[in-house]
Amino acid sequence: MMDVMPRWADVVLVPLISLILAFGISALVILGIGKDPVEAVKLMVTGAFGSTYGWGYTLFYATNFIFTGLAFAVASHASMFNIGSEGQATLGGLGVALVCLALPWPHWAIALPAAMIGGALFGAAWAFLPAWLQAKRGSHIVITTIMFNFIGAAVLNYMLVNVMRPEGSMDPASAKFPAGTNLPTLHDILAPFGIEFSSAAPANISFLIALLACFLVWLMLWRTRFGFELRAFGRSESAAVYAGISPAKIIIVAMLISGGLSGLMAINNVMGEAERLVLNSVEGAGFIGIAVALMGRNHPVGVALAAILFGFLYQGGAELALWMSIPRELIVVIQGLVILFTGALDNMVRMPIERVFLMMRRNAKAGE
Amino acid sequence: MDFSTLIQILDSTMRLATPLLLACLAGLFSERSGIFDIGLEAKMLISAFFSAAVAYDTGSVWLGLLAGIAASMVFAAIHGVASITFRGNQLISGVALNFLASGMTVLIAQNWFQQGGRTPSLLGKARFEPLTLPFADALSDVPVLGPIYSELLSGHSILVYVALLAVPATYWVLYRTRFGLRLRAVGENPAAVDTAGVSVIGLRYAAVAIAGLLCGIAGAYLATGLQAGFVKDMTAGRGYIALAALIFAKWRPWYALSACLLFGLLQALALRTDVVEAIFPFRMPVQLLDSLPYILTVVILAGFVGKAIPPRAGGQPYVKER
């Protein structure tokens with residue numbers, strides 16, 4: 001079964017066809033609500049890529065999705081289904097906020113590493129218990145991480161309403177972070193190079209850190225002993241155990257890395273954009289990470305590309321809501337369709353393509 | 001806390017437990033046949049919308065109920081095709097359906113009614129009215145038992161009683177019929193069922209369809225019984241609480257009833273902060289109350305309080321040997 005298709009077909013052709021199917025149905029949905037899909041696509045493309053302002057939002061969303069996509073991918077390689085990115089990123093936000101508010105930080109270059117540690121630590125901590133329960137007690141990680149998403153939301157709610165809300169404020173949000181924690185935006189970074197970039201867009205230095213994270217995850221998975229063990233365990237638990245790999249260690253460490261990556265997302269949305277902690281700041285990015293990792297075939301390069309695609313959908317979708325009065329929920333529908341076709345219905349696309357390749361091979365043999 | 005407050009809280013427990021119970025039994029059928037279903041939420045939500053929309057347009061809540069069930073069954077069919085026919089990942093299919101329902105309902109609602117992604121409020125025959133059980137009024141003056149009968153048990157919409165009856169029905173189907181035996185077997189050891197000449201695929205589709213039916217009723221109850229109309233994301237995580245209840249109940253019908261009543265009680269208490277303050281000597285944060293179902297489920301899953309063992313073949317697509 002493995003070599004029925006050439007690698008390019010598996011990596012490019014199958015996801016591409018799935019994506020075309022998902023977008024085709026999305027176009028039908030747009031038609032169904034009485035709008036013009038061609039006009040909608042044009043608007044989305046110009047809205048997301050037509051200006052540095054659009055790019056700034058696209059890359060801002062993409063940064064979130066890179067972190068959560070990587071998180072899902074790392075866990076996936078260990079055959080763990082981490083549906084808890086949402087909660088881990090929520091707790092990551094709490095960690096980042098606590099760090100940012102703890103000291104009168106003099107400069108962002110000092111605050112950022114500390115905030116990264118805070119976010120990753122809280123995110124990893126939120127993944128630890130589900131991971132430990134899976135490794136030691138056999139509790140299904142999908143259910144425990146779903147439960148932890150809800151518990152995480154409740155923890156954040158409690159902290160914002162009862163602990164972190166400034167005196168006299170009615171808003172369930174933390175105080176504004178000190179100015180020394182404000183991250184440089186892409187506008188600030190690109191200006192010295194003479195490149196004009198919109199100063200109103202929220203994309204910031206976290207995008208570069210997300211790209212660095214992609215590289216480090218690749219390095220970890222394919223160039224270290226631990227990464228090899230992790231992937232071996234993901235392929236076959238019994239074979240890995242026979243090779244002397246400890247399942248508990250792999251499960252727990254893989255989930256800690258996964259949770260840490262989810263938590264790191266908070267340097268973008270909490271520290272980089274909102275500059276304070278608000279309720280529901282993750283806004284579903286944890287779940288989009290699943291779609292991103294599926295699209296990107298769990299490879300960091302694929303994850304980065306898929307994250308930009310979803311960043312485009314998010315920014316483009318916002319433009320649709322603004323100019324064509326198509327509800328923002330259209331993006332949620334597209335997202336659902338992309339997950340359905342690239343993930344759950346993968347075999348529906350794959351089986352006919354495999355058949356075509358088999359036939360081509362048979363014909364080639366017959367022709368010899 | 002006096003007796004009438006207690007009755008009020010238990011009364012609202014019954015109402016809040018109903019959608020949980022129906023969804024929980026839906027999950028029970030599906031998971032007992034070996035199909036994980038984290039798309040309970042999706043099926044309830046799509047049904048909630050279509051039942052409210054059709055009930056509003058036709059003025060008949062019964063047509064609304066049928067429309068809701070049909071919509072839920074369509075989603076169940078997608079889940080079936082993805083996870084049974086194409087042997088896709090059942091969790092991913094569930095996640096996809098949850099997104100799809102959350103987005104589609106608002107999109108269609110906005111296109112249909114132009115009210116910001118909701119349906120207009122339902123009135124009169126477009127809603128399930130409370131039923132008064134026989135002699136409820138006459139017996140209401142009897143001490144203790146009177147209020148229990150006339151206020152707690154009587155006066156709910158018909159779907160509440162449907163949900164309660166679904167428990168013994170589920171028990172009977174699962175443990176007293178041939179279909180139930182095969183259904184349970186297919187979730188534990190599909191190869192054995194296949195060897196006996198019974199279609200694994202057919203059984204699993206049947207289970208997924210039953211789940212669609214029950215979620216359809218649950219969603220219709222949310223929009224036309226518990227509340228009067230559809231609003232965005234009105235299921236509010238109930239599908240996940242039902243999933244939690246299913247684990248809490250260890251995949252058994254009668255336990256599902258008690259788990260759902262317990263979680264319904266927690267939801268009812270979360271709405272009555274005055275009562276919560278009276279019961280607990282310390283200040284009980286409402287967030288803790290909200291998350292108790294999830295915390296309890298994790299504790300159960302951890303296996304420190306009796307072990308919850310899921311059906312053995314759960315989540316694995318069945319591949320016939322060739």
# chains A, B, ... in the order shown; residues from 1 in each chain; ligands from 1

$ interface_residues --of "chain A" --to "chain B" --cutoff "8 Å" --atoms "only C-alpha atoms" --output "PyMOL selection string"
chain A and resi 33+133+137-140+143-144+146-148+150-151+154-155+157-158+326-327+329-340+343-348

$ write_last_selection --atoms "C-alpha atoms" --output "compact mmCIF listing (two decimals), in the first residue's frame"
# COMPACT_ATOMS: atom_id res chain seq x y z
CA ILE A 33 -26.89 32.46 0.41
CA LEU A 133 -3.14 10.17 32.86
CA ARG A 137 -3.63 5.32 33.79
CA GLY A 138 -4.64 4.81 30.16
CA SER A 139 -7.22 7.60 30.25
CA HIS A 140 -8.09 8.58 26.70
CA ILE A 143 -11.51 13.17 26.31
CA THR A 144 -9.19 14.49 29.02
CA ILE A 146 -11.44 18.27 25.82
CA MET A 147 -12.32 18.42 29.51
CA PHE A 148 -9.20 20.50 30.19
CA PHE A 150 -13.43 23.70 29.50
CA ILE A 151 -11.65 23.69 32.85
CA ALA A 154 -13.20 28.41 33.73
CA VAL A 155 -9.76 29.03 35.30
CA ASN A 157 -12.67 33.33 33.77
CA TYR A 158 -12.04 33.04 37.51
CA ILE A 326 -21.49 37.71 4.45
CA PRO A 327 -21.34 36.66 8.11
CA GLU A 329 -19.15 32.40 10.22
CA LEU A 330 -18.47 31.58 6.57
CA ILE A 331 -14.84 31.04 7.59
CA VAL A 332 -15.97 28.54 10.21
CA VAL A 333 -17.86 26.66 7.51
CA ILE A 334 -14.84 26.66 5.18
CA GLN A 335 -12.68 25.52 8.08
CA GLY A 336 -15.08 22.66 8.79
CA LEU A 337 -15.08 21.62 5.14
CA VAL A 338 -11.28 21.73 4.93
CA ILE A 339 -10.99 19.52 8.01
CA LEU A 340 -13.67 17.18 6.69
CA GLY A 343 -8.86 14.82 7.36
CA ALA A 344 -11.90 12.61 7.69
CA LEU A 345 -12.61 11.99 4.02
CA ASP A 346 -8.94 11.58 3.07
CA ASN A 347 -9.56 8.05 1.82
CA MET A 348 -12.39 9.21 -0.42

$ residues_around --residues "stretch 226-235 of chain A" --least-positions-apart "6" --cutoff "8 Å" --atoms "only C-alpha atoms" --output "list in words"
Ser76, His77, Ala78, Ser79, Met80, Met220, Val241, Ile245, Pro247, Ile250 and Ala254 of chain A

$ write_last_selection --atoms "N, CA and C atoms" --output "PDB file, in the first residue's frame"
ATOM      1  N   SER A  76       0.769  14.523  17.128  1.00  0.00           N
ATOM      2  CA  SER A  76       0.351  13.543  16.132  1.00  0.00           C
ATOM      3  C   SER A  76       1.457  12.554  15.798  1.00  0.00           C
ATOM      4  N   HIS A  77       2.687  13.076  15.709  1.00  0.00           N
ATOM      5  CA  HIS A  77       3.796  12.182  15.382  1.00  0.00           C
ATOM      6  C   HIS A  77       3.974  11.107  16.452  1.00  0.00           C
ATOM      7  N   ALA A  78       3.544  11.422  17.675  1.00  0.00           N
ATOM      8  CA  ALA A  78       3.583  10.414  18.731  1.00  0.00           C
ATOM      9  C   ALA A  78       2.236   9.693  18.828  1.00  0.00           C
ATOM     10  N   SER A  79       1.423   9.819  17.780  1.00  0.00           N
ATOM     11  CA  SER A  79       0.067   9.277  17.702  1.00  0.00           C
ATOM     12  C   SER A  79      -0.802   9.666  18.898  1.00  0.00           C
ATOM     13  N   MET A  80      -0.608  10.902  19.353  1.00  0.00           N
ATOM     14  CA  MET A  80      -1.485  11.472  20.377  1.00  0.00           C
ATOM     15  C   MET A  80      -2.371  12.502  19.694  1.00  0.00           C
ATOM     16  N   MET A 220      14.080  18.873  15.869  1.00  0.00           N
ATOM     17  CA  MET A 220      13.805  17.941  16.961  1.00  0.00           C
ATOM     18  C   MET A 220      13.258  16.625  16.405  1.00  0.00           C
ATOM     19  N   VAL A 241       8.428  -0.239  21.938  1.00  0.00           N
ATOM     20  CA  VAL A 241       8.691  -0.831  23.247  1.00  0.00           C
ATOM     21  C   VAL A 241       9.762  -1.918  23.117  1.00  0.00           C
ATOM     22  N   ILE A 245      12.185   1.728  23.880  1.00  0.00           N
ATOM     23  CA  ILE A 245      11.703   3.101  24.050  1.00  0.00           C
ATOM     24  C   ILE A 245      10.610   3.096  25.112  1.00  0.00           C
ATOM     25  N   PRO A 247       7.298   4.171  26.573  1.00  0.00           N
ATOM     26  CA  PRO A 247       6.084   4.861  26.117  1.00  0.00           C
ATOM     27  C   PRO A 247       5.720   6.049  27.000  1.00  0.00           C
ATOM     28  N   ILE A 250       7.803   9.112  26.174  1.00  0.00           N
ATOM     29  CA  ILE A 250       7.468   9.718  24.885  1.00  0.00           C
ATOM     30  C   ILE A 250       6.151  10.479  24.989  1.00  0.00           C
ATOM     31  N   ALA A 254       6.272  14.412  24.611  1.00  0.00           N
ATOM     32  CA  ALA A 254       5.648  14.918  23.380  1.00  0.00           C
ATOM     33  C   ALA A 254       4.508  15.867  23.720  1.00  0.00           C
TER      34      ALA A 254
END

$ residues_around --residues "stretch 284-290 of chain A" --least-positions-apart "5" --cutoff "8 Å" --atoms "only C-alpha atoms" --output "list in words"
Asn64, Phe65, Ile66, Phe67, Thr68, Gly69, Leu70, Ala71, Phe72, Ile83, Gly84, Ser85, Glu86, Gly87, Ala89, Ser262, Gln335 and Ile339 of chain A

$ residues_around --residues "B:Tyr175" --least-positions-apart "5" --cutoff "12 Å" --atoms "only C-alpha atoms" --output "CSV table (one decimal) with C-alpha atoms, in the first residue's frame"
chain,number,residue,atom,x,y,z
B,32,ARG,CA,-21.2,1.0,21.9
B,168,PRO,CA,-35.5,2.1,29.6
B,169,ALA,CA,-36.0,1.8,25.9
B,170,THR,CA,-32.2,2.0,25.4
B,180,GLY,CA,-28.6,-4.8,20.9
B,181,LEU,CA,-26.4,-7.8,21.5
B,182,ARG,CA,-24.9,-7.5,18.1
B,183,LEU,CA,-24.5,-3.8,18.5
B,184,ARG,CA,-22.5,-4.3,21.7
B,185,ALA,CA,-20.5,-7.0,20.1
B,252,ARG,CA,-24.5,2.2,30.5
B,253,PRO,CA,-28.1,3.5,30.1
B,254,TRP,CA,-29.3,3.8,33.7

$ residues_around --residues "A:Gly317" --least-positions-apart "2" --cutoff "7 Å" --atoms "only C-alpha atoms" --output "MDAnalysis selection string"
chainID A and resid 44 313:315 319:321 328 331

$ write_last_selection --atoms "N, CA and C atoms" --output "compact mmCIF listing (two decimals), in the first residue's frame"
# COMPACT_ATOMS: atom_id res chain seq x y z
N MET A 44 -11.57 38.65 -0.99
CA MET A 44 -10.74 38.01 0.03
C MET A 44 -9.27 38.18 -0.31
N LEU A 313 -7.64 33.05 4.97
CA LEU A 313 -9.08 32.83 5.11
C LEU A 313 -9.66 33.74 6.19
N TYR A 314 -8.90 33.88 7.30
CA TYR A 314 -9.42 34.68 8.41
C TYR A 314 -9.50 36.14 8.06
N GLN A 315 -8.40 36.67 7.49
CA GLN A 315 -8.40 38.08 7.13
C GLN A 315 -9.39 38.32 5.99
N GLU A 319 -12.96 40.69 5.75
CA GLU A 319 -13.30 41.65 4.69
C GLU A 319 -14.67 41.35 4.10
N LEU A 320 -14.96 40.05 3.94
CA LEU A 320 -16.27 39.67 3.41
C LEU A 320 -17.39 40.18 4.30
N ALA A 321 -17.17 40.02 5.62
CA ALA A 321 -18.19 40.46 6.56
C ALA A 321 -18.39 41.97 6.44
N ARG A 328 -19.22 36.42 9.24
CA ARG A 328 -17.88 35.89 9.48
C ARG A 328 -17.90 34.38 9.62
N ILE A 331 -16.18 31.62 7.41
CA ILE A 331 -14.84 31.04 7.59
C ILE A 331 -14.94 29.75 8.39

$ select_by_dssp --residues "stretch 182-231 of chain A" --states "alpha helix (DSSP H)" --output "PyMOL selection string"
chain A and resi 186-190+206-223+225-231

$ write_last_selection --atoms "C-alpha atoms" --output "mmCIF file, in the first residue's frame"
data_model
loop_
_atom_site.group_PDB
_atom_site.id
_atom_site.type_symbol
_atom_site.label_atom_id
_atom_site.label_comp_id
_atom_site.auth_asym_id
_atom_site.auth_seq_id
_atom_site.Cartn_x
_atom_site.Cartn_y
_atom_site.Cartn_z
ATOM 1 C CA LEU A 186 6.554 44.210 11.407
ATOM 2 C CA HIS A 187 6.321 47.947 10.692
ATOM 3 C CA ASP A 188 9.029 48.633 13.302
ATOM 4 C CA ILE A 189 11.169 45.723 12.107
ATOM 5 C CA LEU A 190 11.006 46.501 8.387
ATOM 6 C CA SER A 206 6.261 36.678 17.090
ATOM 7 C CA PHE A 207 5.885 35.719 13.428
ATOM 8 C CA LEU A 208 9.668 35.324 13.167
ATOM 9 C CA ILE A 209 9.677 33.317 16.393
ATOM 10 C CA ALA A 210 6.958 31.090 14.933
ATOM 11 C CA LEU A 211 9.140 30.443 11.879
ATOM 12 C CA LEU A 212 12.072 29.673 14.167
ATOM 13 C CA ALA A 213 9.802 27.274 16.057
ATOM 14 C CA CYS A 214 9.049 25.513 12.757
ATOM 15 C CA PHE A 215 12.753 24.988 12.179
ATOM 16 C CA LEU A 216 13.374 23.799 15.754
ATOM 17 C CA VAL A 217 10.461 21.362 15.602
ATOM 18 C CA TRP A 218 11.822 19.977 12.322
ATOM 19 C CA LEU A 219 15.268 19.674 13.917
ATOM 20 C CA MET A 220 13.805 17.941 16.961
ATOM 21 C CA LEU A 221 11.642 15.498 14.989
ATOM 22 C CA TRP A 222 14.051 14.506 12.234
ATOM 23 C CA ARG A 223 17.535 15.245 13.551
ATOM 24 C CA ARG A 225 17.464 10.800 18.882
ATOM 25 C CA PHE A 226 14.362 11.790 20.822
ATOM 26 C CA GLY A 227 12.564 12.813 17.635
ATOM 27 C CA PHE A 228 13.350 9.451 16.116
ATOM 28 C CA GLU A 229 12.028 7.671 19.199
ATOM 29 C CA LEU A 230 8.918 9.834 19.142
ATOM 30 C CA ARG A 231 8.151 9.042 15.515
#

$ closest_residue --among "A:Leu264, A:Met159, A:Val74, A:Gly259" --to "A:Ala125" --atoms "only C-alpha atoms"
A:Gly259

$ residues_around --residues "B:Phe230" --least-positions-apart "4" --cutoff "7 Å" --atoms "only C-alpha atoms" --output "VMD selection string"
chain B and resid 48 to 49 52 118 to 119 223 234

$ residues_around --residues "A:Gly24" --least-positions-apart "5" --cutoff "10 Å" --atoms "only C-alpha atoms" --output "NGL selection string"
:A and (18-19 or 29-30 or 37 or 334 or 337)

$ closest_residue --among "B:Tyr171, B:Phe248, B:Phe128, B:Tyr221" --to "B:Phe29" --atoms "only C-alpha atoms"
B:Tyr171
